[in-house]
>>> print(open('structure26.txt').read())   # compact mmCIF, C-alpha atoms
# COMPACT_ATOMS: atom_id res chain seq x y z
CA MET A 18 0.00 0.00 0.00
CA SER A 19 1.46 3.37 -0.99
CA ALA A 20 1.83 6.08 1.63
CA GLY A 21 -0.59 8.35 -0.19
CA SER A 22 -3.38 5.79 -0.06
CA ILE A 23 -3.10 5.20 3.70
CA THR A 24 -5.44 7.39 5.71
CA ALA A 25 -7.15 7.00 9.05
CA GLU A 26 -10.42 6.60 7.20
CA SER A 27 -9.11 3.86 4.89
CA LEU A 28 -7.64 1.95 7.84
CA ARG A 29 -10.93 2.13 9.73
CA ALA A 30 -12.88 1.07 6.65
CA ALA A 31 -10.59 -1.95 6.25
CA GLY A 32 -11.50 -2.99 9.79
CA HIS A 33 -8.00 -3.25 11.26
CA LEU A 34 -8.06 -4.10 14.97
CA LYS A 35 -5.87 -1.16 15.95
CA TRP A 36 -8.34 1.21 14.29
CA THR A 37 -11.66 -0.30 15.34
CA ALA A 38 -11.37 -2.16 18.65
CA SER A 39 -11.74 0.79 21.02
CA GLY A 40 -14.62 2.56 19.32
CA PRO A 41 -15.48 4.54 16.19
CA GLY A 42 -13.52 7.55 15.01
CA LEU A 43 -10.37 7.07 17.07
CA LEU A 44 -6.77 7.34 15.89
CA GLY A 45 -5.10 3.95 16.42
CA ALA A 46 -1.76 3.73 18.22
CA CYS A 47 -2.33 0.78 20.55
CA ALA A 48 -2.15 -2.77 19.13
CA ALA A 49 1.20 -3.88 17.67
CA GLU A 50 0.20 -3.80 14.02
CA MET A 51 1.75 -1.74 11.23
CA ASP A 52 -0.28 0.33 8.79
CA TYR A 53 1.84 -0.64 5.78
CA GLY A 54 0.34 -3.93 4.66
CA THR A 55 2.89 -6.64 3.97
CA ALA A 56 5.60 -7.53 1.44
CA PRO A 57 4.56 -8.21 -2.19
CA PRO A 58 6.21 -11.68 -2.14
CA VAL A 59 3.96 -12.55 0.81
CA THR A 60 0.75 -11.41 -0.85
CA ALA A 61 1.75 -13.21 -4.04
CA ALA A 62 2.41 -16.45 -2.14
CA LEU A 63 -0.92 -16.16 -0.36
CA ALA A 64 -2.79 -15.53 -3.60
CA GLU A 65 -1.13 -18.56 -5.17
CA ALA A 66 -2.01 -20.73 -2.16
CA VAL A 67 -5.64 -19.62 -2.23
CA GLY A 68 -5.72 -20.26 -5.98
CA LYS A 69 -4.57 -23.81 -5.29
CA ASN A 70 -7.20 -24.16 -2.54
CA LEU A 71 -4.51 -24.73 0.10
CA LEU A 72 -7.01 -24.04 2.85
CA GLY A 73 -7.00 -27.35 4.65
CA TYR A 74 -4.82 -28.91 7.31
CA LEU A 75 -1.13 -28.04 7.29
CA PRO A 76 0.78 -30.30 4.86
CA PRO A 77 4.10 -31.57 6.24
CA ALA A 78 5.95 -30.33 3.15
CA LEU A 79 4.89 -26.73 3.84
CA ALA A 80 5.98 -27.00 7.47
CA THR A 81 9.36 -28.32 6.31
CA SER A 82 9.76 -25.36 3.94
CA LEU A 83 9.02 -22.95 6.77
CA ARG A 84 11.55 -24.59 9.07
CA GLU A 85 14.19 -24.36 6.35
CA ALA A 86 13.37 -20.72 5.62
CA CYS A 87 13.41 -19.77 9.31
CA ALA A 88 16.75 -21.48 9.90
CA ALA A 89 18.24 -19.73 6.87
CA TRP A 90 16.97 -16.36 8.11
CA GLN A 91 18.49 -16.87 11.55
CA ARG A 92 21.82 -17.79 9.97
CA ASP A 93 21.93 -15.02 7.38
CA ALA A 94 20.46 -12.22 9.50
CA TYR A 95 22.06 -12.93 12.88
CA GLY A 96 24.79 -15.53 12.34
CA TRP A 97 22.89 -18.14 14.39
CA ASP A 98 23.58 -21.48 12.74
CA ILE A 99 20.65 -23.72 13.58
CA THR A 100 19.23 -26.73 11.76
CA PRO A 101 15.71 -26.82 10.31
CA ASP A 102 14.97 -29.78 12.58
CA ASP A 103 15.40 -27.50 15.60
CA VAL A 104 12.65 -25.17 14.36
CA ARG A 105 9.24 -26.26 15.62
CA VAL A 106 6.00 -24.75 14.35
CA LEU A 107 3.39 -23.22 16.67
CA PRO A 108 0.44 -20.84 16.16
CA ASP A 109 1.96 -17.80 17.91
CA VAL A 110 4.41 -16.57 20.52
CA ILE A 111 1.78 -16.70 23.25
CA ARG A 112 1.33 -20.43 22.59
CA ALA A 113 5.11 -20.80 22.71
CA PHE A 114 5.10 -19.03 26.09
CA HIS A 115 2.34 -21.32 27.32
CA VAL A 116 4.31 -24.39 26.19
CA ALA A 117 7.51 -23.08 27.80
CA ILE A 118 5.76 -22.66 31.16
CA GLU A 119 3.87 -25.95 31.09
CA HIS A 120 6.54 -28.20 29.63
CA PHE A 121 9.96 -26.55 29.92
CA SER A 122 9.94 -25.15 33.46
CA ARG A 123 9.83 -26.79 36.86
CA PRO A 124 6.23 -27.71 37.81
CA GLY A 125 4.64 -25.12 40.08
CA SER A 126 7.60 -22.74 39.92
CA ALA A 127 7.29 -18.97 39.59
CA VAL A 128 7.86 -17.14 36.31
CA ILE A 129 10.30 -14.21 36.40
CA VAL A 130 9.17 -11.26 34.30
CA PRO A 131 11.30 -8.11 33.86
CA VAL A 132 9.00 -5.09 33.92
CA PRO A 133 7.65 -3.09 32.26
CA THR A 134 6.67 -5.81 29.82
CA PHE A 135 4.23 -7.08 27.23
CA THR A 136 1.03 -7.48 29.25
CA PRO A 137 0.33 -11.21 28.51
CA PHE A 138 3.68 -12.11 30.08
CA LEU A 139 2.14 -10.95 33.37
CA THR A 140 -1.27 -12.55 32.92
CA ILE A 141 -0.64 -15.92 31.24
CA PRO A 142 1.34 -17.47 34.15
CA GLY A 143 -1.54 -16.88 36.55
CA LEU A 144 -3.94 -18.62 34.17
CA LEU A 145 -1.61 -21.62 34.36
CA GLY A 146 -1.45 -21.56 38.15
CA ARG A 147 1.96 -19.93 38.34
CA ARG A 148 3.15 -17.01 40.42
CA VAL A 149 4.85 -14.06 38.71
CA ILE A 150 7.93 -12.41 40.19
CA GLN A 151 8.37 -8.96 38.67
CA VAL A 152 11.94 -7.67 38.33
CA GLU A 153 12.12 -3.99 37.50
CA LEU A 154 14.40 -2.88 34.68
CA VAL A 155 16.61 0.00 35.78
CA LYS A 156 18.10 2.98 33.99
CA SER A 157 21.86 3.18 33.44
CA GLY A 158 23.43 5.67 31.07
CA GLY A 159 19.99 6.59 29.78
CA ARG A 160 19.16 3.00 28.81
CA TYR A 161 17.07 0.31 30.45
CA VAL A 162 19.21 -2.57 31.73
CA TYR A 163 18.75 -5.70 33.81
CA ASP A 164 19.31 -5.45 37.55
CA LEU A 165 21.36 -8.62 37.94
CA ASP A 166 21.17 -8.60 41.74
CA ALA A 167 17.38 -8.34 41.62
CA LEU A 168 17.31 -11.10 39.02
CA ALA A 169 19.38 -13.34 41.29
CA ARG A 170 17.00 -12.66 44.17
CA ALA A 171 14.05 -13.65 41.99
CA PHE A 172 15.65 -17.01 41.27
CA ALA A 173 16.50 -17.44 44.94
CA GLU A 174 12.85 -16.76 45.83
CA GLY A 175 11.64 -19.66 43.71
CA GLY A 176 11.61 -18.33 40.19
CA HIS A 177 12.63 -20.77 37.47
CA LEU A 178 11.65 -19.52 34.00
CA LEU A 179 12.92 -16.07 33.01
CA VAL A 180 11.05 -14.21 30.26
CA LEU A 181 13.69 -12.49 28.15
CA CYS A 182 12.10 -10.10 25.62
CA ASN A 183 14.71 -8.88 23.13
CA PRO A 184 14.18 -6.49 21.41
CA HIS A 185 12.17 -5.43 24.41
CA ASN A 186 8.48 -4.62 24.32
CA PRO A 187 7.69 -1.90 25.43
CA VAL A 188 10.96 -0.03 26.18
CA GLY A 189 12.68 -0.82 22.87
CA ARG A 190 16.06 -1.99 24.18
CA VAL A 191 18.22 -4.25 22.03
CA LEU A 192 20.45 -6.13 24.44
CA GLU A 193 24.14 -6.46 23.63
CA GLY A 194 26.22 -9.61 23.79
CA ASP A 195 27.92 -8.80 27.09
CA GLU A 196 24.56 -8.06 28.72
CA LEU A 197 23.16 -11.36 27.51
CA GLY A 198 26.25 -13.16 28.80
CA ALA A 199 25.85 -11.61 32.24
CA ILE A 200 22.19 -12.65 32.36
CA SER A 201 23.15 -16.17 31.32
CA GLU A 202 25.60 -16.45 34.21
CA VAL A 203 22.85 -15.63 36.71
CA VAL A 204 20.43 -18.09 35.12
CA ASP A 205 23.04 -20.83 35.14
CA ARG A 206 23.98 -20.17 38.77
CA TYR A 207 20.42 -21.00 39.81
CA SER A 208 19.81 -23.76 37.22
CA GLY A 209 17.08 -21.64 35.70
CA ARG A 210 15.43 -21.62 32.30
CA VAL A 211 14.89 -18.84 29.76
CA PHE A 212 12.01 -18.19 27.40
CA SER A 213 13.54 -15.81 24.85
CA ASP A 214 10.93 -13.82 22.92
CA GLU A 215 12.72 -12.52 19.81
CA VAL A 216 9.67 -11.74 17.69
CA HIS A 217 10.81 -8.15 17.06
CA ALA A 218 14.35 -9.18 16.06
CA PRO A 219 14.03 -8.12 12.39
CA LEU A 220 13.04 -4.60 13.52
CA VAL A 221 16.39 -3.33 14.85
CA TYR A 222 17.75 0.07 13.80
CA ARG A 223 21.17 1.09 12.53
CA GLY A 224 23.79 1.22 15.24
CA HIS A 225 22.34 -1.83 16.98
CA ARG A 226 22.43 -5.55 16.23
CA HIS A 227 20.19 -8.38 17.32
CA VAL A 228 22.05 -11.19 19.07
CA PRO A 229 20.01 -14.38 19.65
CA TYR A 230 20.31 -15.21 23.34
CA ALA A 231 20.77 -18.95 22.79
CA ALA A 232 23.62 -18.24 20.36
CA THR A 233 25.77 -16.46 22.94
CA SER A 234 27.19 -19.61 24.56
CA SER A 235 26.66 -23.32 25.06
CA THR A 236 25.45 -22.47 28.56
CA ALA A 237 22.71 -20.22 27.21
CA ALA A 238 21.76 -22.78 24.57
CA HIS A 239 21.37 -25.42 27.27
CA HIS A 240 18.75 -23.51 29.25
CA THR A 241 16.82 -21.65 26.53
CA VAL A 242 13.81 -22.06 24.29
CA THR A 243 13.47 -19.27 21.73
CA ALA A 244 10.29 -17.91 20.13
CA VAL A 245 10.50 -16.20 16.74
CA SER A 246 8.04 -15.27 14.01
CA ALA A 247 7.60 -13.24 10.86
CA SER A 248 4.43 -11.79 12.37
CA LYS A 249 5.69 -8.38 13.58
CA ALA A 250 8.23 -7.52 10.89
CA TRP A 251 5.93 -8.49 8.01
CA ASN A 252 2.61 -7.66 9.67
CA LEU A 253 1.21 -11.20 9.72
CA ALA A 254 -0.05 -11.62 13.28
CA GLY A 255 -3.54 -12.69 12.24
CA LEU A 256 -2.25 -15.63 10.20
CA LYS A 257 -1.25 -17.62 13.32
CA CYS A 258 2.25 -18.88 12.67
CA ALA A 259 5.31 -18.74 14.93
CA GLN A 260 8.34 -20.89 15.57
CA MET A 261 10.02 -22.23 18.69
CA VAL A 262 13.73 -22.92 18.28
CA LEU A 263 15.22 -25.70 20.42
CA SER A 264 18.93 -25.59 21.24
CA ASN A 265 19.75 -28.60 23.43
CA ASP A 266 19.17 -32.34 23.46
CA ASP A 267 17.03 -32.38 26.61
CA ASP A 268 14.51 -30.01 25.05
CA ARG A 269 14.51 -31.94 21.78
CA ALA A 270 13.58 -35.09 23.70
CA ARG A 271 10.99 -33.23 25.77
CA TRP A 272 9.32 -31.86 22.64
CA GLU A 273 8.78 -35.36 21.29
CA ASN A 274 6.58 -36.11 24.30
CA LEU A 275 4.28 -33.12 23.81
CA GLY A 276 0.72 -33.86 22.78
CA ARG A 277 -1.30 -32.23 20.03
CA LEU A 278 -3.07 -30.01 22.54
CA ALA A 279 0.23 -28.16 23.03
CA THR A 280 1.43 -28.03 19.44
CA ASP A 281 -1.52 -27.99 17.03
CA GLY A 282 -3.22 -24.97 15.50
CA THR A 283 -0.72 -23.36 13.15
CA SER A 284 -2.43 -21.95 10.07
CA THR A 285 -1.60 -23.30 6.62
CA LEU A 286 -1.74 -19.79 5.14
CA GLY A 287 0.38 -18.51 8.02
CA VAL A 288 3.08 -21.03 7.12
CA VAL A 289 2.89 -19.98 3.47
CA ALA A 290 3.19 -16.31 4.43
CA GLY A 291 6.00 -16.84 6.92
CA THR A 292 8.03 -18.85 4.42
CA ALA A 293 7.61 -16.18 1.75
CA ALA A 294 8.56 -13.44 4.21
CA TYR A 295 11.78 -15.13 5.30
CA ARG A 296 12.76 -16.05 1.73
CA GLY A 297 11.69 -13.02 -0.26
CA GLY A 298 10.64 -10.23 2.07
CA GLY A 299 14.04 -8.74 2.91
CA THR A 300 13.99 -5.84 0.45
CA TRP A 301 10.53 -4.75 1.56
CA LEU A 302 11.60 -5.02 5.19
CA ASP A 303 14.62 -2.80 4.56
CA GLY A 304 12.30 -0.09 3.30
CA VAL A 305 9.96 -0.49 6.26
CA ARG A 306 12.85 -0.22 8.73
CA ASP A 307 13.96 3.01 7.06
CA ARG A 308 10.43 4.35 7.32
CA LEU A 309 10.15 3.37 10.96
CA ASP A 310 13.55 4.91 11.66
CA ARG A 311 12.31 8.24 10.29
CA ASN A 312 9.14 7.96 12.35
CA ARG A 313 10.91 7.21 15.63
CA ARG A 314 12.95 10.39 15.10
CA LEU A 315 9.97 12.41 13.95
CA LEU A 316 8.15 11.34 17.09
CA GLY A 317 10.88 12.97 19.16
CA ASP A 318 10.32 16.28 17.38
CA LEU A 319 6.56 15.98 17.75
CA VAL A 320 6.76 15.18 21.46
CA HIS A 321 9.05 18.16 21.98
CA ALA A 322 6.65 20.45 20.12
CA TYR A 323 3.26 19.23 21.35
CA LEU A 324 3.85 17.27 24.55
CA PRO A 325 6.30 19.29 26.62
CA GLY A 326 7.04 17.48 29.85
CA VAL A 327 6.86 14.04 28.24
CA ARG A 328 10.16 12.16 28.12
CA TYR A 329 10.89 9.95 25.15
CA LEU A 330 13.96 7.96 24.20
CA PRO A 331 13.82 6.60 20.63
CA PRO A 332 13.73 2.78 20.75
CA GLU A 333 16.67 0.74 19.50
CA GLY A 334 14.27 -1.82 18.06
CA THR A 335 10.50 -2.38 17.59
CA TYR A 336 8.01 0.25 16.41
CA LEU A 337 6.77 0.96 19.93
CA ALA A 338 7.48 4.18 21.83
CA TRP A 339 7.57 4.28 25.62
CA LEU A 340 6.38 7.74 26.69
CA ASP A 341 7.09 8.92 30.22
CA CYS A 342 4.06 11.09 31.05
CA ARG A 343 4.57 11.29 34.80
CA GLU A 344 5.32 15.01 34.82
CA LEU A 345 1.99 15.80 33.15
CA ALA A 346 0.11 15.15 36.41
CA LEU A 347 -2.94 13.92 34.57
CA PRO A 348 -5.92 13.10 36.79
CA SER A 349 -6.76 9.71 35.32
CA PRO A 350 -4.75 6.78 36.70
CA ASP A 351 -5.26 5.06 33.33
CA LEU A 352 -3.55 7.11 30.64
CA ALA A 353 -5.11 5.03 27.87
CA GLU A 354 -8.56 6.01 29.10
CA PHE A 355 -7.55 9.67 29.25
CA PHE A 356 -6.15 9.78 25.72
CA ILE A 357 -9.20 7.95 24.31
CA ALA A 358 -11.68 10.21 26.04
CA GLU A 359 -9.87 13.52 25.68
CA ALA A 360 -7.71 13.12 22.57
CA GLY A 361 -9.44 10.46 20.50
CA VAL A 362 -6.23 8.41 20.42
CA THR A 363 -5.76 4.79 21.48
CA THR A 364 -2.58 3.85 23.35
CA VAL A 365 -1.58 1.14 25.82
CA ASP A 366 -1.57 2.24 29.44
CA GLY A 367 1.84 1.64 30.98
CA GLY A 368 0.31 0.41 34.20
CA SER A 369 -0.86 -2.72 32.40
CA CYS A 370 2.81 -3.47 31.68
CA GLY A 371 3.71 -3.80 35.37
CA LEU A 372 3.96 -1.45 38.33
CA PRO A 373 6.96 0.51 36.99
CA GLY A 374 4.85 1.42 33.95
CA ARG A 375 2.42 3.62 35.85
CA GLY A 376 2.46 7.10 34.34
CA PHE A 377 3.77 5.82 30.99
CA ALA A 378 2.00 5.17 27.70
CA ARG A 379 3.01 2.82 24.90
CA LEU A 380 2.46 4.33 21.48
CA ASN A 381 2.71 2.52 18.14
CA PHE A 382 4.40 4.77 15.54
CA ALA A 383 4.19 2.33 12.60
CA THR A 384 1.94 4.57 10.55
CA THR A 385 2.28 7.44 8.08
CA GLU A 386 3.92 10.73 9.01
CA PRO A 387 0.65 12.70 8.65
CA ILE A 388 -1.23 10.26 10.88
CA LEU A 389 1.57 10.22 13.46
CA THR A 390 1.52 14.01 13.49
CA ARG A 391 -2.25 14.04 14.03
CA ILE A 392 -1.90 11.56 16.89
CA VAL A 393 0.64 13.61 18.82
CA ARG A 394 -1.11 16.92 18.11
CA GLN A 395 -4.38 15.60 19.49
CA MET A 396 -2.66 14.16 22.54
CA GLY A 397 -0.89 17.46 23.13
CA ALA A 398 -4.08 19.47 22.78
CA ALA A 399 -5.88 17.22 25.26
CA VAL A 400 -3.10 17.68 27.81
CA ALA A 401 -3.06 21.44 27.28
CA VAL A 402 -6.80 21.70 27.78
CA ARG A 403 -6.66 19.54 30.89
CA ASN A 404 -3.93 21.69 32.37
CA ARG A 405 -5.68 24.91 31.38
CA ALA A 406 -2.71 25.88 29.24
CA ALA A 407 -4.83 26.48 26.15
CA PRO A 408 -8.44 27.35 25.34
CA THR A 409 -10.86 24.53 24.76
CA PRO A 410 -10.72 23.51 21.08
CA GLU A 411 -13.72 23.33 18.82
CA PRO A 412 -15.91 20.21 19.12
CA ARG A 413 -14.11 17.17 17.75
CA ASP A 414 -15.37 14.76 15.14
CA PHE A 415 -12.58 12.21 15.19
CA ALA A 416 -14.18 10.11 12.48
CA LEU A 417 -13.89 12.84 9.86
CA HIS A 418 -11.47 15.51 10.99
CA THR A 419 -8.81 16.40 13.46
CA MET A 420 -9.20 19.56 15.46
CA TRP A 421 -6.63 21.24 13.20
CA GLY A 422 -7.45 19.60 9.88
CA GLU A 423 -5.01 17.48 7.91
CA PRO A 424 -1.37 18.45 8.51
>>> encode(input="structure26.txt", output="structure tokens")
Amino acid sequence: MSAGSITAESLRAAGHLKWTASGPGLLGACAAEMDYGTAPPVTAALAEAVGKNLLGYLPPALATSLREACAAWQRDAYGWDITPDDVRVLPDVIRAFHVAIEHFSRPGSAVIVPVPTFTPFLTIPGLLGRRVIQVELVKSGGRYVYDLDALARAFAEGGHLLVLCNPHNPVGRVLEGDELGAISEVVDRYSGRVFSDEVHAPLVYRGHRHVPYAATSSTAAHHTVTAVSASKAWNLAGLKCAQMVLSNDDDRARWENLGRLATDGTSTLGVVAGTAAYRGGGTWLDGVRDRLDRNRRLLGDLVHAYLPGVRYLPPEGTYLAWLDCRELALPSPDLAEFFIAEAGVTTVDGGSCGLPGRGFARLNFATTEPILTRIVRQMGAAVAVRNRAAPTPEPRDFALHTMWGEP
């Protein structure tokens, strides 16, 4: 889809979740979807599959092709030399997380979750009867880092499976090799396990490099299961296809004992799309990364102009911005509710990402520059009105206009 054809109205009319879930007429910046469609090789592969009526159960040959394509991507993109046999197919990263808790961690043990985090990492363990130990990420040199002492205490208190999200949702950190090595030493000291969510790995910006956690050492490989997918980078989340990468013999044997209840459900069309993305979607992805890079920088200018008092550090990876709104002193404890009601913009409230996220908002900037500008302008105007720093604007009709017109 060309930039000129993407408007808020066209995205609403198409029915995208980000643009319709919270109510009519809102500007969507919440769910982790991009507004750019997907790569032409992916759409072509899907059209061919539909033309062949490949709409039934997943054929083994297609699953094999996906495993081969995923392994080749890991090798070529990150230097992680894995075999296709170590790539296992699952419907999504949440299923992979479920499987990691149920089958790859000590029964009844607590799950260690660095916070702030992707909300399901806090809620899924409880649904499986597990306790969550939150470990707060700390700031050092202007970047979020792991508090290794706090991590060690979490293991000592009964934690067993560590959720490692890299690149990190929502703060956007891309962990470096020495950081991953230090984390691995703590995990190994307590005979822990790691669930490494690397779904945003293809979305890392210049000056940073994704390092697969399990590739850092034989020690890390021994205690890790890794979840990857083409879903975020190529905008395929609704097609239900992810991969879990195994990296040690114990986990390979354990996988063979899993039942269909744990492993079934991957979509045939999702496998077709994921294979095409890994094999032929690189050029399109390069263009998308450049576009996102411009947007993450533009967002800094927009925040400075329209949201004074908000602190924003451009992410090193992902298309998610973590906005520190604590100095705004807004009356609503739920910032998402405030920005929906007063600005007509959907975001994710930071409080849902763990206690350290209170006063923050997660904003998705994977849209066009005009739409991103409208989003921040409307948020800024709502804050100004609330703080009596500007006169009340004219009545808003978010479905048709912004309060300033198109930028």
>>> closest_residue(input="structure26.txt", among="A:Val400, A:Leu63, A:Ala169, A:Ala199", to="Ser349 (chain A)", atoms="all atoms listed in the file")
A:Val400
>>> closest_residue(input="structure26.txt", among="A:Ala48, A:Ile99, A:Leu34, A:Leu107", to="Leu278 (chain A)", atoms="all atoms listed in the file")
A:Leu107
>>> closest_residue(input="structure26.txt", among="A:Arg277, A:Val402, A:Ala247, A:Ala94", to="Val289 (chain A)", atoms="only C-alpha atoms")
A:Ala247
>>> atom_distance(input="structure26.txt", atom1="CA of Asp102 (chain A)", atom2="CA of Ala270 (chain A)")
12.4 Å
>>> closest_residue(input="structure26.txt", among="A:Leu43, A:Cys87, A:Leu71, A:Ala398", to="Gln260 (chain A)", atoms="all atoms listed in the file")
A:Cys87
>>> residues_around(input="structure26.txt", residues="Ala254 (chain A)", least_positions_apart="5", cutoff="8 Å", atoms="only C-alpha atoms", output="MDAnalysis selection string")
chainID A and resid 50 109 248:249
>>> atom_distance(input="structure26.txt", atom1="CA of Asp103 (chain A)", atom2="CA of Ser264 (chain A)")
6.9 Å
>>> residues_around(input="structure26.txt", residues="Val59 (chain A)", least_positions_apart="2", cutoff="9 Å", atoms="all atoms listed in the file", output="compact mmCIF listing (two decimals) with C-alpha atoms, in the coordinates of the input")
# COMPACT_ATOMS: atom_id res chain seq x y z
CA THR A 55 2.89 -6.64 3.97
CA ALA A 56 5.60 -7.53 1.44
CA PRO A 57 4.56 -8.21 -2.19
CA ALA A 61 1.75 -13.21 -4.04
CA ALA A 62 2.41 -16.45 -2.14
CA LEU A 63 -0.92 -16.16 -0.36
CA ALA A 64 -2.79 -15.53 -3.60
CA TRP A 251 5.93 -8.49 8.01
CA VAL A 289 2.89 -19.98 3.47
CA ALA A 290 3.19 -16.31 4.43
CA GLY A 291 6.00 -16.84 6.92
CA THR A 292 8.03 -18.85 4.42
CA ALA A 293 7.61 -16.18 1.75
CA ALA A 294 8.56 -13.44 4.21
CA GLY A 297 11.69 -13.02 -0.26
CA GLY A 298 10.64 -10.23 2.07
>>> closest_residue(input="structure26.txt", among="A:Phe356, A:Gly376, A:Pro77, A:Tyr329", to="Cys342 (chain A)", atoms="all atoms listed in the file")
A:Gly376
>>> atom_distance(input="structure26.txt", atom1="CA of Val203 (chain A)", atom2="CA of Arg190 (chain A)")
19.7 Å
>>> residues_around(input="structure26.txt", residues="Leu179 (chain A)", least_positions_apart="6", cutoff="8 Å", atoms="all atoms listed in the file", output="ChimeraX atom specification")
/A:128-130,209-212
>>> residues_around(input="structure26.txt", residues="Ala167 (chain A)", least_positions_apart="3", cutoff="12 Å", atoms="all atoms listed in the file", output="list in words")
Ile129, Val130, Pro131, Val132, Ile150, Gln151, Val152, Glu153, Leu154, Val155, Val162, Tyr163, Asp164, Arg170, Ala171, Phe172, Ala173, Glu174, Gly176, Ile200 and Val203 of chain A
>>> residues_near_point(input="structure26.txt", point="(3.2, -29.9, 27.1)", cutoff="9 Å", atoms="only C-alpha atoms", output="ChimeraX atom specification")
/A:115-121,271-272,274-280
>>> build_atoms(input="structure26.txt", residues="region 61-75 of chain A", atoms="N, CA, C and O atoms", output="mmCIF file, in the coordinates of the input")
data_model
loop_
_atom_site.group_PDB
_atom_site.id
_atom_site.type_symbol
_atom_site.label_atom_id
_atom_site.label_comp_id
_atom_site.auth_asym_id
_atom_site.auth_seq_id
_atom_site.Cartn_x
_atom_site.Cartn_y
_atom_site.Cartn_z
ATOM 1 N N ALA A 61 1.748 -12.341 -2.863
ATOM 2 C CA ALA A 61 1.750 -13.210 -4.040
ATOM 3 C C ALA A 61 1.675 -14.682 -3.631
ATOM 4 O O ALA A 61 0.949 -15.480 -4.247
ATOM 5 N N ALA A 62 2.431 -15.056 -2.603
ATOM 6 C CA ALA A 62 2.410 -16.450 -2.140
ATOM 7 C C ALA A 62 1.036 -16.821 -1.587
ATOM 8 O O ALA A 62 0.544 -17.937 -1.813
ATOM 9 N N LEU A 63 0.409 -15.897 -0.876
ATOM 10 C CA LEU A 63 -0.920 -16.160 -0.360
ATOM 11 C C LEU A 63 -1.938 -16.317 -1.482
ATOM 12 O O LEU A 63 -2.802 -17.206 -1.448
ATOM 13 N N ALA A 64 -1.857 -15.437 -2.478
ATOM 14 C CA ALA A 64 -2.790 -15.530 -3.600
ATOM 15 C C ALA A 64 -2.621 -16.868 -4.337
ATOM 16 O O ALA A 64 -3.613 -17.510 -4.718
ATOM 17 N N GLU A 65 -1.376 -17.281 -4.513
ATOM 18 C CA GLU A 65 -1.130 -18.560 -5.170
ATOM 19 C C GLU A 65 -1.692 -19.716 -4.351
ATOM 20 O O GLU A 65 -2.301 -20.657 -4.899
ATOM 21 N N ALA A 66 -1.506 -19.655 -3.027
ATOM 22 C CA ALA A 66 -2.010 -20.730 -2.160
ATOM 23 C C ALA A 66 -3.525 -20.794 -2.201
ATOM 24 O O ALA A 66 -4.114 -21.888 -2.270
ATOM 25 N N VAL A 67 -4.181 -19.641 -2.161
ATOM 26 C CA VAL A 67 -5.640 -19.620 -2.230
ATOM 27 C C VAL A 67 -6.099 -20.147 -3.587
ATOM 28 O O VAL A 67 -7.082 -20.906 -3.687
ATOM 29 N N GLY A 68 -5.372 -19.767 -4.649
ATOM 30 C CA GLY A 68 -5.720 -20.260 -5.980
ATOM 31 C C GLY A 68 -5.610 -21.770 -6.082
ATOM 32 O O GLY A 68 -6.350 -22.404 -6.851
ATOM 33 N N LYS A 69 -4.718 -22.356 -5.316
ATOM 34 C CA LYS A 69 -4.570 -23.810 -5.290
ATOM 35 C C LYS A 69 -5.475 -24.469 -4.258
ATOM 36 O O LYS A 69 -5.397 -25.679 -4.042
ATOM 37 N N ASN A 70 -6.293 -23.657 -3.579
ATOM 38 C CA ASN A 70 -7.200 -24.160 -2.540
ATOM 39 C C ASN A 70 -6.441 -24.813 -1.392
ATOM 40 O O ASN A 70 -6.897 -25.803 -0.820
ATOM 41 N N LEU A 71 -5.283 -24.230 -1.042
ATOM 42 C CA LEU A 71 -4.510 -24.730 0.100
ATOM 43 C C LEU A 71 -5.091 -24.156 1.395
ATOM 44 O O LEU A 71 -4.467 -23.349 2.081
ATOM 45 N N LEU A 72 -6.283 -24.578 1.709
ATOM 46 C CA LEU A 72 -7.010 -24.040 2.850
ATOM 47 C C LEU A 72 -7.309 -25.113 3.894
ATOM 48 O O LEU A 72 -8.055 -24.867 4.841
ATOM 49 N N GLY A 73 -6.736 -26.265 3.727
ATOM 50 C CA GLY A 73 -7.000 -27.350 4.650
ATOM 51 C C GLY A 73 -5.938 -27.467 5.723
ATOM 52 O O GLY A 73 -5.257 -26.491 6.057
ATOM 53 N N TYR A 74 -5.812 -28.662 6.267
ATOM 54 C CA TYR A 74 -4.820 -28.910 7.310
ATOM 55 C C TYR A 74 -3.414 -28.692 6.773
ATOM 56 O O TYR A 74 -3.157 -28.819 5.577
ATOM 57 N N LEU A 75 -2.493 -28.384 7.686
ATOM 58 C CA LEU A 75 -1.130 -28.040 7.290
ATOM 59 C C LEU A 75 -0.395 -29.249 6.716
ATOM 60 O O LEU A 75 -0.166 -30.235 7.420
#
